[in-house]
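Next comes entry-v6.cif, a file with mmCIF, C-alpha atoms.
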```cif
data_work
#
loop_
_atom_site.label_atom_id
_atom_site.label_comp_id
_atom_site.auth_asym_id
_atom_site.auth_seq_id
_atom_site.Cartn_x
_atom_site.Cartn_y
_atom_site.Cartn_z
CA MET A 11 65.18 104.17 96.68
CA PRO A 12 64.89 103.59 92.91
CA ALA A 13 61.41 102.71 91.67
CA ASN A 14 60.45 100.86 88.50
CA ILE A 15 58.25 103.37 86.67
CA LEU A 16 56.23 102.55 83.56
CA LEU A 17 55.96 105.66 81.37
CA VAL A 18 53.13 105.48 78.82
CA GLU A 19 53.53 108.47 76.48
CA ASP A 20 53.12 108.54 72.70
CA GLU A 21 55.01 111.78 71.95
CA PRO A 22 58.71 110.81 71.54
CA ALA A 23 60.15 114.18 72.63
CA ILE A 24 58.04 114.31 75.79
CA GLN A 25 58.73 110.65 76.54
CA GLU A 26 62.49 111.21 76.22
CA LEU A 27 62.42 114.32 78.43
CA ILE A 28 60.42 112.63 81.19
CA ALA A 29 62.48 109.44 81.05
CA ALA A 30 65.76 111.38 81.27
CA ASN A 31 64.58 113.29 84.34
CA LEU A 32 63.29 110.18 86.06
CA ALA A 33 66.58 108.39 85.39
CA ARG A 34 68.43 111.41 86.77
CA ALA A 35 66.31 111.11 89.93
CA GLY A 36 67.48 107.49 90.27
CA HIS A 37 64.45 105.65 88.92
CA HIS A 38 64.37 102.81 86.39
CA VAL A 39 62.08 103.71 83.49
CA LEU A 40 60.12 101.32 81.28
CA ARG A 41 58.64 102.97 78.20
CA ALA A 42 55.53 102.35 76.12
CA ALA A 43 54.05 104.48 73.34
CA ASP A 44 50.53 103.07 73.70
CA ALA A 45 48.33 101.19 76.15
CA GLU A 46 48.66 97.90 74.29
CA ALA A 47 52.45 97.92 74.69
CA ALA A 48 52.02 98.96 78.32
CA GLN A 49 49.74 95.97 78.92
CA ARG A 50 52.42 93.61 77.64
CA ILE A 51 54.99 95.17 79.99
CA VAL A 52 52.64 94.88 82.96
CA ARG A 53 51.94 91.23 82.11
CA ASP A 54 55.66 90.48 82.39
CA ALA A 55 56.28 92.34 85.66
CA LEU A 56 54.41 94.84 87.80
CA PRO A 57 55.92 98.34 87.92
CA ASP A 58 56.00 100.33 91.14
CA LEU A 59 54.12 103.21 89.49
CA VAL A 60 52.53 104.06 86.13
CA LEU A 61 52.86 107.51 84.52
CA LEU A 62 49.99 107.48 82.06
CA ASP A 63 49.17 109.95 79.29
CA TRP A 64 45.43 110.52 78.90
CA MET A 65 45.41 110.81 75.08
CA LEU A 66 46.97 107.73 73.49
CA PRO A 67 46.58 106.10 70.07
CA GLY A 68 44.22 103.13 70.24
CA MET A 69 43.12 102.46 73.81
CA SER A 70 42.95 105.69 75.81
CA GLY A 71 44.83 106.24 79.04
CA MET A 72 41.51 106.40 80.86
CA GLU A 73 40.48 102.97 79.61
CA PHE A 74 43.88 101.50 80.45
CA ALA A 75 43.61 102.91 83.99
CA ARG A 76 40.15 101.33 84.33
CA ARG A 77 41.55 97.96 83.28
CA LEU A 78 44.41 98.19 85.76
CA ARG A 79 41.96 98.97 88.56
CA ALA A 80 39.57 96.17 87.48
CA GLU A 81 42.12 93.36 87.87
CA GLU A 82 43.18 92.14 91.30
CA ARG A 83 46.81 91.71 90.23
CA THR A 84 47.17 95.34 89.08
CA ARG A 85 44.60 97.07 91.28
CA SER A 86 47.07 98.54 93.74
CA ILE A 87 49.61 99.95 91.24
CA PRO A 88 49.86 103.73 91.79
CA ILE A 89 48.84 105.73 88.71
CA ILE A 90 49.64 109.35 87.86
CA MET A 91 47.76 110.75 84.86
CA LEU A 92 49.59 113.14 82.50
CA THR A 93 47.39 115.32 80.31
CA ALA A 94 46.97 118.68 78.61
CA ARG A 95 43.33 118.70 79.69
CA GLY A 96 43.19 120.96 82.72
CA GLU A 97 39.47 121.47 83.18
CA GLU A 98 38.04 120.56 86.56
CA GLN A 99 35.70 117.93 85.13
CA ASP A 100 38.65 116.26 83.40
CA LYS A 101 40.62 116.10 86.65
CA VAL A 102 37.60 114.66 88.45
CA ALA A 103 37.11 112.07 85.70
CA GLY A 104 40.76 111.02 85.92
CA LEU A 105 40.69 110.67 89.69
CA GLU A 106 37.38 108.80 89.63
CA THR A 107 38.89 106.35 87.16
CA GLY A 108 41.37 105.42 89.87
CA ALA A 109 44.34 107.72 89.28
CA ASP A 110 46.24 108.66 92.43
CA ASP A 111 47.31 112.02 91.05
CA TYR A 112 46.77 114.20 87.99
CA ILE A 113 49.41 116.47 86.40
CA THR A 114 48.52 118.98 83.70
CA LYS A 115 51.00 119.62 80.88
CA PRO A 116 53.24 121.55 80.77
CA PHE A 117 54.83 120.70 84.12
CA SER A 118 58.31 121.04 85.54
CA PRO A 119 60.49 117.93 85.98
CA ARG A 120 60.98 118.86 89.65
CA GLU A 121 57.23 118.91 90.22
CA LEU A 122 56.84 115.53 88.54
CA VAL A 123 59.57 113.91 90.64
CA ALA A 124 58.05 115.42 93.79
CA ARG A 125 54.57 114.15 92.87
CA ILE A 126 55.98 110.67 92.23
CA LYS A 127 57.71 110.67 95.60
CA ALA A 128 54.50 111.76 97.34
CA VAL A 129 52.39 109.08 95.66
CA LEU A 130 54.94 106.35 96.38
CA ARG A 131 55.18 107.44 100.01
CA ARG A 132 51.40 107.15 100.29
CA ARG A 133 50.71 104.09 98.15
CA ALA A 134 53.98 102.13 98.06
CA PRO A 135 56.12 103.19 101.04
CA GLN A 136 58.25 100.06 100.70
CA VAL A 137 59.93 101.55 97.60
CA THR A 138 60.92 104.82 99.28
CA GLU A 139 64.01 105.62 101.34
CA ASP A 140 62.02 106.90 104.32
CA ALA A 141 63.10 105.35 107.61
CA VAL A 142 60.39 103.39 109.45
CA GLU A 143 60.09 103.16 113.24
CA LEU A 144 57.54 100.79 114.68
CA GLY A 145 57.23 98.48 117.66
CA GLY A 146 60.68 99.43 118.94
CA LEU A 147 62.39 98.70 115.62
CA ARG A 148 63.97 101.23 113.28
CA LEU A 149 64.57 100.31 109.64
CA ASP A 150 66.54 102.65 107.41
CA PRO A 151 66.44 101.72 103.70
CA ALA A 152 69.08 104.33 102.80
CA THR A 153 71.73 102.74 105.00
CA HIS A 154 70.24 99.23 105.00
CA ARG A 155 70.36 99.13 108.81
CA ILE A 156 67.99 97.68 111.38
CA SER A 157 68.22 98.61 115.04
CA ALA A 158 66.30 98.07 118.24
CA GLY A 159 67.49 100.78 120.63
CA GLU A 160 71.22 100.29 120.90
CA ILE A 161 71.10 96.81 119.38
CA ALA A 162 72.06 96.50 115.71
CA LEU A 163 70.40 93.61 113.92
CA ALA A 164 71.81 91.78 110.91
CA LEU A 165 69.39 90.77 108.14
CA GLY A 166 69.95 89.26 104.73
CA PRO A 167 68.71 91.22 101.69
CA THR A 168 65.50 89.20 101.29
CA GLU A 169 64.66 89.37 104.99
CA PHE A 170 65.34 93.12 104.90
CA ARG A 171 62.88 93.64 102.02
CA LEU A 172 60.34 91.39 103.72
CA LEU A 173 60.57 93.30 107.01
CA HIS A 174 60.45 96.64 105.16
CA PHE A 175 57.24 95.67 103.42
CA LEU A 176 55.63 94.35 106.60
CA MET A 177 56.62 97.42 108.62
CA THR A 178 55.23 99.80 106.01
CA HIS A 179 51.95 97.87 105.99
CA PRO A 180 51.43 97.12 109.70
CA GLU A 181 48.42 95.31 111.16
CA ARG A 182 47.43 93.97 107.75
CA VAL A 183 47.38 90.28 106.98
CA HIS A 184 49.31 89.35 103.83
CA SER A 185 49.00 85.97 102.16
CA ARG A 186 52.08 84.11 100.96
CA ALA A 187 51.14 84.93 97.36
CA GLN A 188 50.87 88.64 98.16
CA LEU A 189 54.25 88.64 99.89
CA LEU A 190 55.83 86.85 96.95
CA ASP A 191 54.45 89.50 94.58
CA GLN A 192 55.48 92.45 96.73
CA VAL A 193 58.88 91.27 97.98
CA TRP A 194 60.15 88.89 95.30
CA GLY A 195 58.20 90.35 92.36
CA ASP A 196 55.26 88.75 90.60
CA HIS A 197 57.50 87.75 87.65
CA VAL A 198 59.61 85.51 89.91
CA PHE A 199 58.26 81.98 90.07
CA VAL A 200 59.07 80.38 93.41
CA GLU A 201 57.01 78.20 95.72
CA GLU A 202 54.82 79.92 98.29
CA ARG A 203 56.54 77.91 101.05
CA THR A 204 59.65 79.97 100.30
CA VAL A 205 57.94 82.75 102.27
CA ASP A 206 57.76 80.50 105.35
CA VAL A 207 61.51 79.87 105.18
CA HIS A 208 62.31 83.59 105.08
CA ILE A 209 59.79 84.38 107.82
CA ARG A 210 61.63 81.89 110.06
CA ARG A 211 64.97 83.53 109.18
CA LEU A 212 63.51 86.96 109.87
CA ARG A 213 62.24 85.88 113.28
CA CYS A 214 65.62 84.37 114.15
CA ALA A 215 67.32 87.66 113.20
CA LEU A 216 64.92 89.62 115.45
CA GLU A 217 65.28 87.26 118.43
CA PRO A 218 68.36 88.99 119.96
CA SER A 219 66.28 92.10 120.66
CA GLY A 220 63.10 90.21 121.51
CA HIS A 221 61.17 91.57 118.53
CA ASP A 222 60.52 88.26 116.78
CA SER A 223 56.99 88.24 118.22
CA LEU A 224 56.12 91.25 116.05
CA ILE A 225 55.99 88.90 113.05
CA GLN A 226 52.72 87.08 113.61
CA THR A 227 51.25 84.10 111.82
CA VAL A 228 47.55 84.27 111.06
CA ARG A 229 46.50 80.67 110.63
CA GLY A 230 45.03 79.96 107.22
CA SER A 231 45.65 83.53 105.99
CA GLY A 232 49.31 84.55 106.12
CA TYR A 233 51.49 86.90 108.13
CA ARG A 234 51.32 90.37 109.63
CA PHE A 235 53.55 92.83 111.48
CA SER A 236 51.84 93.93 114.68
CA SER A 237 52.94 95.58 117.91
CA GLN A 238 49.77 94.29 119.56
CA ALA A 239 49.96 91.05 121.48
CA ASP A 240 48.86 88.03 119.49
CA THR A 241 46.52 85.94 121.62
CA ALA A 242 46.48 83.03 119.19
CA PRO A 243 48.84 80.08 119.78
CA ALA A 244 52.24 80.74 118.23
CA VAL A 245 52.83 79.05 114.87
CA ARG A 246 56.39 78.71 113.74
#
```
Would you mind writing the file out in structure tokens?
Amino acid sequence: MPANILLVEDEPAIQELIAANLARAGHHVLRAADAEAAQRIVRDALPDLVLLDWMLPGMSGMEFARRLRAEERTRSIPIIMLTARGEEQDKVAGLETGADDYITKPFSPRELVARIKAVLRRRAPQVTEDAVELGGLRLDPATHRISAGEIALALGPTEFRLLHFLMTHPERVHSRAQLLDQVWGDHVFVEERTVDVHIRRLRCALEPSGHDSLIQTVRGSGYRFSSQADTAPAVR
């Protein structure tokens, strides 16, 4: 599944090479030549992953990574550091700053794409094409199909994305604001009650197979996907 990747790299030739290979792999690439430009991009819309050069003009990549990790809105964005500094202490420093992975230049495009896929699978599974099976449901992003055993279920595109996110983050409670950011995008301004409408539609779509109870309301907090019985009174 295509991911929105923010590439922060000040060397034009390297930026062009990386961007071309990411586009060839099916990703959408946003480019910035320095951390200040990258900050403006992140303010407009959160990327699925940041590829961040360590040595940048002005604010360093390390400082930009620290700022991303310090703010609640950007804290969970996966970060891969790109650098020519291959010493062990440099790698440790990058990882301790909050980077999810560290790639030393020069690197092969195939390795980079593989590292991106691995980080997304670990940190943002909702943007991968990996099928998810949980609680008797199977969701396949590649074919956009949902099934429960032999029963095929029909979901609209928003309900599909909502279920995909919930299934890839099971047992966790997500507020309406968090679901809006993750499913609709934090640059889309809609009322939080919109989530309630789509949760109701999602439950209705899952009713034919009896899996609507997997979408649980946590009063005062939000929603979660859970295969464990919810002992609280049902809230629709």
Selected by the PyMOL selection byres ((chain A and resi 61) around 9) in the shown coordinates: which residues, as a VMD selection string? chain A and resid 15 to 19 59 to 60 62 to 63 88 to 92 126
For the PyMOL selection byres ((chain A and resi 180) around 12), applied here, can you spell out every residue it catches as a ChimeraX atom specification? /A:135-136,142-145,173-179,181-184,224-226,233-238
Quick check, in Å to one decimal: how far apart do atom CA of A:Val207 and atom CA of A:Leu130 lie?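 Going from atom CA of A:Val207 over to atom CA of A:Leu130 covers 28.7 Å.
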A:Arg203 environment, 12 Å, all atoms listed in the file, sequence neighbours closer than 5 positions dropped, as a PDB file with C-alpha atoms, in the frame of the given file:
```pdb
ATOM      1  CA  SER A 185      49.000  85.970 102.160  1.00  0.00           C
ATOM      2  CA  ARG A 186      52.080  84.110 100.960  1.00  0.00           C
ATOM      3  CA  ALA A 187      51.140  84.930  97.360  1.00  0.00           C
ATOM      4  CA  LEU A 189      54.250  88.640  99.890  1.00  0.00           C
ATOM      5  CA  LEU A 190      55.830  86.850  96.950  1.00  0.00           C
ATOM      6  CA  HIS A 208      62.310  83.590 105.080  1.00  0.00           C
ATOM      7  CA  ILE A 209      59.790  84.380 107.820  1.00  0.00           C
ATOM      8  CA  ARG A 210      61.630  81.890 110.060  1.00  0.00           C
ATOM      9  CA  GLY A 232      49.310  84.550 106.120  1.00  0.00           C
TER      10      GLY A 232
END
```
The PyMOL selection byres ((chain A and resi 58) around 7) resolved against shown file, as a PyMOL selection string: chain A and resi 13-15+56-57+59+87
Between atom CA of A:Glu217 and atom CA of A:Ala158 - distance in Å to one decimal: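 Pair atom CA of A:Ala158 / atom CA of A:Glu217 returns 10.9 Å.
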Which residue of A:Ser157, A:Thr227, A:Thr114, A:Ser86 approaches A:Gln192 most closely, using all atoms listed in the file: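 Distance minimum relative to A:Gln192 lands on A:Ser86.
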Could you tell me how far atom CA of A:Val193 sits from atom CA of A:Ile113, in Å to one decimal place?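 Between these atoms lies a distance of 29.3 Å.
Near (56.8, 117.8, 89.1), the residues inside the 12 Å limit, counting all atoms listed in the file, come to Ile28, Asn31, Leu32, Ala35, Leu61, Ile90, Leu92, Asp111, Tyr112, Ile113, Thr114, Lys115, Pro116, Phe117, Ser118, Pro119, Arg120, Glu121, Leu122, Val123, Ala124, Arg125, Ile126, Lys127, Ala128 and Val129 of chain A.
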When you count all atoms listed in the file, which of these residues is closest to A:Glu73: A:Glu169, A:Asp54, A:Glu202, A:Asp44?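 Distance minimum relative to A:Glu73 lands on A:Asp44.
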Counting all atoms listed in the file, which of A:Val228, A:Leu40, A:Phe74, A:Leu147 gets nearest to A:Ala55?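 Comparing A:Val228, A:Leu40, A:Phe74, A:Leu147 against A:Ala55, the winner is A:Leu40.
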From the list A:Leu212, A:Ala109, A:Leu27, A:Val200, which residue is nearest A:Pro167 when using only C-alpha atoms?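 Checking each of A:Leu212, A:Ala109, A:Leu27, A:Val200 against A:Pro167, counting only C-alpha atoms, the winner is A:Leu212.
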When you count all atoms listed in the file, which of these residues is closest to A:His37: A:Ala152, A:Ala75, A:Leu216, A:Val137?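 Checking each candidate against A:His37, we get A:Val137 as the closest.
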Residue nearest A:Gly159 - candidates A:Ala134, A:Val102, A:Gly220, A:Ala215, atoms counted: all atoms listed in the file: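 When distances to A:Gly159 are compared using all atoms listed in the file, the smallest one comes from A:Gly220.
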